[in-house]
Amino acid sequence: MPQDLSHLTEALLLAAKSAGAEDADAVAVEGTALSIDVREGKLEQAERSEGVDLGLRVLIGQKQAIVSASDVKPDTLRQMAERAVAMAAEAPDDPHIGLADPDQLARGWDVAALELQDPSDEPAPDQLEEDARRAEAAARDVTGISQVQSASAGYGRRQMHLATSAGFSGGFARTDRGLSVVAITGTGTEMERDYAGESRIFQADLPPPEEVGALAAERTLARAGARKPPTGAFPVLYDERISSGLMGHLVAAISGSAIARGSSWLLDALGEEVLPPALSLVEDPHRARVSGSRPFDGEGLPTRRRVIVENGVLQGWTLDLATGRKLGMPSTGSAARGTSGPPSPAMTNLTLTPGTQSAAELAREMGTGLWVTSMIGASINPTTGDYSRGASGYWVENGEIAYAVNECTIAGNLRDMLRTLVPGNDARGHLSRVVPSLLVEGLTVAGA
């Protein structure tokens with residue numbers, strides 16, 4: 001039975017006050033997840049999980065402590081509060097912690113406008129199974145596919161509520177429907193695999209299962225005969241499937257946590273050019289039907305559209321209240337909050353300025369180089385930006401794909417790499433990170 005999450009958070013706040021806390025905030029999260037896997041047309045696995053998780057943060061002076069639980073009985077709430085207060089009494093002082101002032105808190109948001117929850121009923125397991133079967137069959141029926149490793153369909157619903165002793169109380173729910181297929185071509189040492197996956201908030205927006213299965217098969221067949229590329233300095237084209245990872249490295253480097261620690265390769269870059277002058281990076285937490293949208297942050301502050309990089313120039317850090325106080329700056333409304341830890345700064349939806357060329361046109365511009373479609377592992381120096389990752393994809397010669405590539409490494413320095421970006425025009429607008437294919441100069445490819 002669904003819980004009244006606002007009642008649970010208010011009960012936690014009352015328990016914290018009774019136990020001796022000066023201030024407190026509480027998070028309650030209720031979730032349902034259902035996943036179905038099929039193999040060779042038969043049900044292989046069905047899983048369903050449900051539960052409520054609670055998190056309580058108490059503050060006494062400049063000390064804080066966080067406790068979490070998955071039991072909603074009144075006695076558990078009381079014990080959580082007592083333990084949190086006892087822990088806080090032993091914690092070290094932190095001059096930067098503290099709740100938002102009442103006049104900073106979000107008011108009057110419109111959750112419905114964000115369209116984060118599909119109003120239709122939770123899908124029945126047999127409906128998910130049918131979607132997975134259809135996707136698997138579409139991949140398996142393509143000539144050259146030796147087997148389908150997995151075909152999965154899933155549904156999730158997550159509701160959260162945040163309340164603080166400063167007077168904030170608010171929550172929202174989000175849903176998601178997903179479908180994925182992993183296909184294999186060849187056998188033994190000649191075996192290659194690839195995948196396709198789609199996820200949407202609304203079931204009506206999800207592509208047909210046959211489309212997902214056929215795309216997985218197409219990508220897999222293109223990987224047949226993969227071998228190592230040559231070693232040397234070459235341009236690299238990051239496929240749209242993985243290009244948002246480059247923006248992820250930039251986002252991590254401008255997090256208030258990294259800046260406050262002094263451990264960021266962009267530590268001295270505020271107001272400087274970090275991308276080409278034609279590119280801007282924008283965060284917008286209010287995009288409808290997008291998984292990263294939210295009306296308020298993990299400390300109850302209003303979220304807003306922010307220009308992170310404008311015409312290539314870095315405009316600011318990503319801050320919650322604590323990191324903002326450390327740096328002498330206001331919060332950017334960017335706090336993320338779970339049930340087992342304090343708030344921390346994090347970005348939501350990002351959009352990078354698109355280009356005018358398709359990925360194939362960027363490959364022709366590249367001439368000779370590596371077109372990366374998947375990556376494994378990472379060695380990123382957070383202080384210097386030195387970058388090294390395992391990669392696979394396609395070797396391009398004379399602007400055309402020559403052969404599939406595996407077992408290679410690409411390396412460079414992120415600060416140098418990001419200044420050379422040439423974006424494509426193939427970003428998918430339904431994603432939280434709308435980043436097109438990206439052509440990067442000056443990387444070292446280590447292959448044969």
# chains A, B, ... in the order shown; residues from 1 in each chain; ligands from 1

call {"tool": "residues_around", "arguments": {"residues": "Tyr238 (chain A)", "least_positions_apart": "2", "cutoff": "12 Å", "atoms": "only C-alpha atoms", "output": "ChimeraX atom specification"}}
result
/A:235-236,240-247,359-360,362-363,366,369-375,391-394,410,417,421-424,426,435-441,443

call {"tool": "select_by_dssp", "arguments": {"residues": "region 159-347 of chain A", "states": "strand (DSSP E)", "output": "ChimeraX atom specification"}}
result
/A:159-164,169-185,192-200,232-238,281-283,306-310,313-314,335-336,344-345

call {"tool": "write_last_selection", "arguments": {"atoms": "C-alpha atoms", "output": "tab-separated table (two decimals), in the first residue's frame"}}
result
chain	number	residue	atom	x	y	z
A	159	GLN	CA	8.21	8.89	-5.35
A	160	MET	CA	10.16	11.13	-2.99
A	161	HIS	CA	9.33	13.70	-0.36
A	162	LEU	CA	11.64	16.18	1.38
A	163	ALA	CA	10.81	18.14	4.54
A	164	THR	CA	12.97	20.46	6.62
A	169	SER	CA	7.79	20.28	2.44
A	170	GLY	CA	7.48	18.95	-1.09
A	171	GLY	CA	7.68	15.88	-3.23
A	172	PHE	CA	7.09	14.41	-6.67
A	173	ALA	CA	7.01	11.08	-8.48
A	174	ARG	CA	8.59	9.87	-11.69
A	175	THR	CA	8.11	6.77	-13.82
A	176	ASP	CA	10.17	5.07	-16.49
A	177	ARG	CA	9.71	2.34	-19.09
A	178	GLY	CA	12.71	0.67	-20.65
A	179	LEU	CA	13.62	-1.91	-23.28
A	180	SER	CA	17.05	-3.29	-24.21
A	181	VAL	CA	18.60	-6.01	-26.39
A	182	VAL	CA	22.14	-7.40	-26.58
A	183	ALA	CA	22.89	-9.37	-29.76
A	184	ILE	CA	25.90	-11.50	-30.76
A	185	THR	CA	27.43	-12.33	-34.12
A	192	GLU	CA	31.28	-9.69	-31.26
A	193	ARG	CA	28.33	-8.07	-29.54
A	194	ASP	CA	26.51	-4.78	-29.37
A	195	TYR	CA	23.26	-3.50	-27.97
A	196	ALA	CA	20.36	-1.09	-28.29
A	197	GLY	CA	18.32	0.30	-25.44
A	198	GLU	CA	15.57	2.86	-25.02
A	199	SER	CA	13.99	4.42	-21.94
A	200	ARG	CA	11.16	6.91	-21.62
A	232	GLY	CA	49.54	6.96	-33.28
A	233	ALA	CA	48.07	10.43	-32.95
A	234	PHE	CA	44.67	10.64	-34.62
A	235	PRO	CA	41.38	12.53	-34.36
A	236	VAL	CA	38.61	10.67	-32.57
A	237	LEU	CA	34.88	10.86	-33.27
A	238	TYR	CA	32.79	10.16	-30.16
A	281	LEU	CA	26.37	24.24	-22.35
A	282	VAL	CA	23.03	24.84	-20.63
A	283	GLU	CA	21.41	23.15	-17.66
A	306	ARG	CA	21.59	28.00	-15.93
A	307	VAL	CA	24.14	28.70	-18.62
A	308	ILE	CA	27.18	26.69	-17.54
A	309	VAL	CA	29.39	27.57	-20.49
A	310	GLU	CA	28.48	30.52	-22.72
A	313	VAL	CA	33.53	30.58	-21.53
A	314	LEU	CA	32.94	28.90	-18.15
A	335	ALA	CA	21.87	19.90	-4.28
A	336	ALA	CA	21.22	16.20	-4.75
A	344	SER	CA	25.98	17.32	-2.51
A	345	PRO	CA	26.11	19.38	-5.71

call {"tool": "atom_distance", "arguments": {"atom1": "CA of Arg140 (chain A)", "atom2": "CA of Ala204 (chain A)"}}
result
24.8 Å

call {"tool": "atom_distance", "arguments": {"atom1": "CA of Gly144 (chain A)", "atom2": "CA of Asn406 (chain A)"}}
result
19.2 Å

call {"tool": "closest_residue", "arguments": {"among": "A:Gly355, A:Gly298, A:Pro229, A:Gly316", "to": "Val396 (chain A)", "atoms": "only C-alpha atoms"}}
result
A:Pro229
